[in-house]
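So this one's coords-v3.pdb, PDB, C-alpha atoms, pLDDT in the B column:
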```pdb
MODEL        1
ATOM      1  CA  MET F   1     122.935 121.763  67.775  1.00 84.00           C
ATOM      2  CA  LYS F   2     123.688 122.744  71.373  1.00 90.00           C
ATOM      3  CA  LYS F   3     120.759 120.665  72.644  1.00 92.00           C
ATOM      4  CA  TRP F   4     122.033 117.516  70.905  1.00 92.00           C
ATOM      5  CA  SER F   5     125.569 118.004  72.182  1.00 93.00           C
ATOM      6  CA  ILE F   6     124.264 118.272  75.749  1.00 92.00           C
ATOM      7  CA  ILE F   7     122.192 115.107  75.246  1.00 91.00           C
ATOM      8  CA  LEU F   8     125.251 113.260  73.894  1.00 93.00           C
ATOM      9  CA  VAL F   9     127.469 114.400  76.779  1.00 94.00           C
ATOM     10  CA  LYS F  10     124.845 113.285  79.326  1.00 94.00           C
ATOM     11  CA  ALA F  11     124.441 109.911  77.589  1.00 94.00           C
ATOM     12  CA  PHE F  12     128.211 109.432  77.531  1.00 95.00           C
ATOM     13  CA  TRP F  13     128.376 110.346  81.238  1.00 96.00           C
ATOM     14  CA  TRP F  14     125.746 107.772  82.244  1.00 95.00           C
ATOM     15  CA  LEU F  15     127.355 105.097  80.059  1.00 96.00           C
ATOM     16  CA  MET F  16     130.662 105.698  81.839  1.00 96.00           C
ATOM     17  CA  VAL F  17     128.938 105.539  85.240  1.00 96.00           C
ATOM     18  CA  ALA F  18     127.354 102.223  84.197  1.00 96.00           C
ATOM     19  CA  ARG F  19     130.833 100.988  83.225  1.00 97.00           C
ATOM     20  CA  LEU F  20     132.235 101.433  86.769  1.00 97.00           C
ATOM     21  CA  PRO F  21     131.168  98.018  88.175  1.00 97.00           C
ATOM     22  CA  LEU F  22     132.591  96.332  85.078  1.00 97.00           C
ATOM     23  CA  SER F  23     135.884  98.186  85.522  1.00 97.00           C
ATOM     24  CA  ILE F  24     136.069  97.106  89.158  1.00 96.00           C
ATOM     25  CA  ASN F  25     135.421  93.522  88.043  1.00 95.00           C
ATOM     26  CA  GLN F  26     138.296  93.740  85.552  1.00 96.00           C
ATOM     27  CA  LEU F  27     140.551  95.163  88.270  1.00 95.00           C
ATOM     28  CA  SER F  28     139.570  92.277  90.555  1.00 93.00           C
ATOM     29  CA  ALA F  29     140.322  89.700  87.853  1.00 93.00           C
ATOM     30  CA  ASN F  30     143.729  91.270  87.156  1.00 94.00           C
ATOM     31  CA  TYR F  31     144.554  91.312  90.863  1.00 94.00           C
ATOM     32  CA  ALA F  32     143.549  87.660  91.264  1.00 92.00           C
ATOM     33  CA  LYS F  33     145.727  86.707  88.299  1.00 92.00           C
ATOM     34  CA  GLN F  34     148.705  88.647  89.677  1.00 93.00           C
ATOM     35  CA  ILE F  35     148.580  87.013  93.115  1.00 92.00           C
ATOM     36  CA  GLY F  36     148.374  83.557  91.546  1.00 90.00           C
ATOM     37  CA  CYS F  37     144.741  82.534  91.966  1.00 89.00           C
ATOM     38  CA  PRO F  38     143.488  79.703  89.753  1.00 87.00           C
ATOM     39  CA  PRO F  39     141.237  80.714  86.813  1.00 83.00           C
ATOM     40  CA  SER F  40     138.182  79.158  88.465  1.00 83.00           C
ATOM     41  CA  GLY F  41     137.280  77.992  91.929  1.00 80.00           C
ATOM     42  CA  ASP F  42     138.341  79.235  95.324  1.00 84.00           C
ATOM     43  CA  CYS F  43     141.586  81.089  95.897  1.00 84.00           C
ATOM     44  CA  TYR F  44     143.543  80.560  99.105  1.00 87.00           C
ATOM     45  CA  VAL F  45     146.742  82.483  98.430  1.00 88.00           C
ATOM     46  CA  PRO F  46     147.881  85.354 100.659  1.00 89.00           C
ATOM     47  CA  GLY F  47     146.115  88.553  99.655  1.00 85.00           C
ATOM     48  CA  SER F  48     143.002  86.836  98.364  1.00 88.00           C
ATOM     49  CA  GLU F  49     140.921  88.207 101.251  1.00 89.00           C
ATOM     50  CA  LEU F  50     140.692  91.461  99.313  1.00 90.00           C
ATOM     51  CA  LEU F  51     138.848  89.686  96.497  1.00 90.00           C
ATOM     52  CA  PHE F  52     135.756  89.293  98.690  1.00 91.00           C
ATOM     53  CA  SER F  53     135.715  93.063  99.257  1.00 92.00           C
ATOM     54  CA  PHE F  54     135.944  93.556  95.500  1.00 93.00           C
ATOM     55  CA  ASP F  55     132.994  91.217  94.974  1.00 93.00           C
ATOM     56  CA  VAL F  56     130.866  93.091  97.517  1.00 96.00           C
ATOM     57  CA  LEU F  57     131.838  96.409  95.928  1.00 95.00           C
ATOM     58  CA  ILE F  58     130.970  95.134  92.435  1.00 96.00           C
ATOM     59  CA  MET F  59     127.552  93.802  93.482  1.00 97.00           C
ATOM     60  CA  GLY F  60     126.689  96.880  95.527  1.00 96.00           C
ATOM     61  CA  SER F  61     127.723  99.392  92.895  1.00 96.00           C
ATOM     62  CA  ALA F  62     125.949  97.497  90.096  1.00 96.00           C
ATOM     63  CA  THR F  63     122.795  97.207  92.194  1.00 97.00           C
ATOM     64  CA  LEU F  64     122.762 100.938  92.920  1.00 96.00           C
ATOM     65  CA  LEU F  65     124.120 102.405  89.691  1.00 96.00           C
ATOM     66  CA  TRP F  66     122.601 100.346  86.885  1.00 96.00           C
ATOM     67  CA  PRO F  67     118.929 101.172  87.610  1.00 95.00           C
ATOM     68  CA  VAL F  68     119.809 104.886  87.820  1.00 95.00           C
ATOM     69  CA  CYS F  69     121.775 104.712  84.574  1.00 95.00           C
ATOM     70  CA  PHE F  70     118.908 102.870  82.881  1.00 94.00           C
ATOM     71  CA  TRP F  71     116.509 105.571  84.048  1.00 93.00           C
ATOM     72  CA  PHE F  72     118.633 108.465  82.787  1.00 93.00           C
ATOM     73  CA  LEU F  73     119.536 106.748  79.503  1.00 92.00           C
ATOM     74  CA  GLY F  74     115.890 106.609  78.468  1.00 90.00           C
ATOM     75  CA  GLY F  75     114.391 103.919  80.642  1.00 89.00           C
ATOM     76  CA  GLY F  76     112.326 106.458  82.564  1.00 85.00           C
ATOM     77  CA  TRP F  77     110.798 107.702  79.335  1.00 87.00           C
ATOM     78  CA  LEU F  78     110.094 104.126  78.192  1.00 87.00           C
ATOM     79  CA  ILE F  79     108.413 103.216  81.469  1.00 86.00           C
ATOM     80  CA  HIS F  80     106.379 106.418  81.456  1.00 84.00           C
ATOM     81  CA  ARG F  81     105.336 105.795  77.847  1.00 85.00           C
ATOM     82  CA  ALA F  82     104.392 102.162  78.535  1.00 84.00           C
ATOM     83  CA  LEU F  83     102.285 103.172  81.532  1.00 83.00           C
ATOM     84  CA  ARG F  84     100.555 105.874  79.498  1.00 83.00           C
ATOM     85  CA  VAL F  85      99.746 103.430  76.673  1.00 78.00           C
ATOM     86  CA  THR F  86      98.436 100.889  79.182  1.00 77.00           C
ATOM     87  CA  GLN F  87      96.341 103.553  80.900  1.00 73.00           C
ATOM     88  CA  THR F  88      94.903 104.682  77.548  1.00 75.00           C
ATOM     89  CA  SER F  89      94.024 101.160  76.425  1.00 69.00           C
ATOM     90  CA  LEU F  90      92.361 100.388  79.764  1.00 66.00           C
ATOM     91  CA  THR F  91      90.366 103.609  79.542  1.00 69.00           C
ATOM     92  CA  LEU F  92      89.257 102.820  75.980  1.00 61.00           C
ATOM     93  CA  ARG F  93      88.168  99.315  76.944  1.00 63.00           C
ATOM     94  CA  SER F  94      86.191 100.439  79.971  1.00 60.00           C
ATOM     95  CA  SER F  95      84.445 103.340  78.213  1.00 55.00           C
ATOM     96  CA  GLY F  96      83.030 101.213  75.374  1.00 54.00           C
ATOM     97  CA  THR F  97      79.604  99.641  75.289  1.00 54.00           C
ATOM     98  CA  PRO F  98      79.107  96.873  77.815  1.00 55.00           C
ATOM     99  CA  GLN F  99      79.374  93.398  76.393  1.00 56.00           C
ATOM    100  CA  LYS F 100      76.285  91.219  76.516  1.00 55.00           C
ATOM    101  CA  ARG F 101      76.543  88.388  78.937  1.00 56.00           C
ATOM    102  CA  GLY F 102      75.040  85.069  78.185  1.00 54.00           C
ATOM    103  CA  ALA F 103      74.941  85.666  74.445  1.00 52.00           C
ATOM    104  CA  PRO F 104      76.143  82.686  72.407  1.00 53.00           C
TER     105      PRO F 104
ENDMDL
END
```

Could you write out this file's structure as structure tokens?
Amino acid sequence: MKKWSIILVKAFWWLMVARLPLSINQLSANYAKQIGCPPSGDCYVPGSELLFSFDVLIMGSATLLWPVCFWFLGGGWLIHRALRVTQTSLTLRSSGTPQKRGAP
């Protein structure tokens, strides 16, 4: 029981870390709406210079955090498992009897 609770707390933690760039994006959208930016297109109202900083922060945090979150939420195990299966199938193919060449 204790093991599963620790696993659930860690999974919840990494899901919340993965949510950070999305939360910053929501904050940016709310800020743009409050200063009077149009729903789409460029915004040239006073205070809109901060939106570029938000965009850089969103892209940077998503680029750094999402691969780490994927890894700790089970992606590392999946990649390791896929590589092991590939390694096993390549080993099985190469250790079999050689195929005859030139046979019809």

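Counting from atom CA of Gln26 of chain F, the distance to atom CA of Val68 of chain F is 21.7 Å.
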
Determine the residue membership of the PyMOL selection byres ((chain F and resi 32) around 12) for the file above and supply it as a PyMOL selection string.
chain F and resi 25-31+33-52+54-55

Distance criterion (all atoms listed in the file): nearest to Pro67 of chain F out of F:Ala18, F:Met1, F:Ala82, F:Ile24:
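Looking at the shortest contact to Pro67 of chain F, the residue is F:Ala18.
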
One decimal, in Å: what's the spacing between atom CA of Trp77 of chain F and atom CA of Ile58 of chain F?
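Going from atom CA of Trp77 of chain F over to atom CA of Ile58 of chain F, I get 27.1 Å.
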
Interatomic distance (Å, one decimal) between atom CA of Leu15 of chain F and atom CA of Ala62 of chain F
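Separation of atom CA of Leu15 of chain F and atom CA of Ala62 of chain F: 12.7 Å.
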
I'd like a table as a tab-separated table: residues in segment 24-93 of chain F with an atom no more than 12 Å from segment 3-7 of chain F, each row giving the shortest atom pair and its distance in Å to one decimal, all atoms listed in the file counted, sorted by chain and rising residue number.
```
residue	atom	partner	partner_atom	distance
F:Phe72	CA	F:Ile7	CA	10.7
F:Leu73	CA	F:Ile7	CA	9.7
F:Gly74	CA	F:Ile7	CA	11.1
```

Mind checking which residues fall within 6 Å of Trp14 of chain F, counting all atoms listed in the file, ignoring those fewer than 3 positions away in the same chain, and posting them as number ranges by chain?
F: 11, 17, 69

F:Leu78, F:Val85, F:Phe12, F:Pro21: which is nearest Thr63 of chain F, counting only C-alpha atoms?
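Smallest separation from Thr63 of chain F among the options: F:Pro21.
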
Save segment 47-94 of chain F from what I just supplied, as a tab-separated table (two decimals), in the first residue's frame, atoms limited to C-alpha atoms.
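Result saved to selection01.tsv:
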```tsv
chain	number	residue	atom	x	y	z
F	47	GLY	CA	2.19	46.66	-21.79
F	48	SER	CA	2.18	44.14	-24.61
F	49	GLU	CA	5.99	43.93	-24.58
F	50	LEU	CA	5.67	41.57	-21.62
F	51	LEU	CA	3.79	39.07	-23.79
F	52	PHE	CA	6.97	38.26	-25.72
F	53	SER	CA	8.71	37.40	-22.44
F	54	PHE	CA	5.79	35.14	-21.58
F	55	ASP	CA	6.09	33.39	-24.94
F	56	VAL	CA	9.82	32.79	-24.45
F	57	LEU	CA	9.18	31.50	-20.93
F	58	ILE	CA	6.44	29.15	-22.15
F	59	MET	CA	8.56	27.70	-24.97
F	60	GLY	CA	11.66	27.34	-22.80
F	61	SER	CA	9.89	25.72	-19.88
F	62	ALA	CA	7.95	23.32	-22.12
F	63	THR	CA	11.12	22.37	-23.98
F	64	LEU	CA	12.97	21.62	-20.74
F	65	LEU	CA	10.21	20.20	-18.55
F	66	TRP	CA	8.08	18.03	-20.82
F	67	PRO	CA	10.81	15.53	-21.81
F	68	VAL	CA	11.77	15.14	-18.13
F	69	CYS	CA	8.14	14.66	-17.12
F	70	PHE	CA	7.65	12.12	-19.90
F	71	TRP	CA	10.71	10.22	-18.68
F	72	PHE	CA	9.60	10.11	-15.05
F	73	LEU	CA	5.96	9.32	-15.88
F	74	GLY	CA	6.96	6.06	-17.56
F	75	GLY	CA	8.54	7.13	-20.81
F	76	GLY	CA	11.97	5.99	-19.66
F	77	TRP	CA	10.62	2.52	-18.96
F	78	LEU	CA	8.87	2.43	-22.36
F	79	ILE	CA	12.01	3.47	-24.21
F	80	HIS	CA	14.12	0.98	-22.28
F	81	ARG	CA	11.59	-1.78	-22.99
F	82	ALA	CA	11.40	-0.92	-26.70
F	83	LEU	CA	15.18	-0.96	-27.02
F	84	ARG	CA	15.37	-4.30	-25.22
F	85	VAL	CA	12.72	-5.84	-27.51
F	86	THR	CA	14.52	-4.48	-30.58
F	87	GLN	CA	17.85	-5.81	-29.30
F	88	THR	CA	16.31	-9.24	-28.66
F	89	SER	CA	14.69	-9.46	-32.09
F	90	LEU	CA	17.92	-8.42	-33.81
F	91	THR	CA	19.85	-11.02	-31.83
F	92	LEU	CA	17.33	-13.74	-32.73
F	93	ARG	CA	17.47	-12.86	-36.42
F	94	SER	CA	21.26	-12.82	-36.57
```
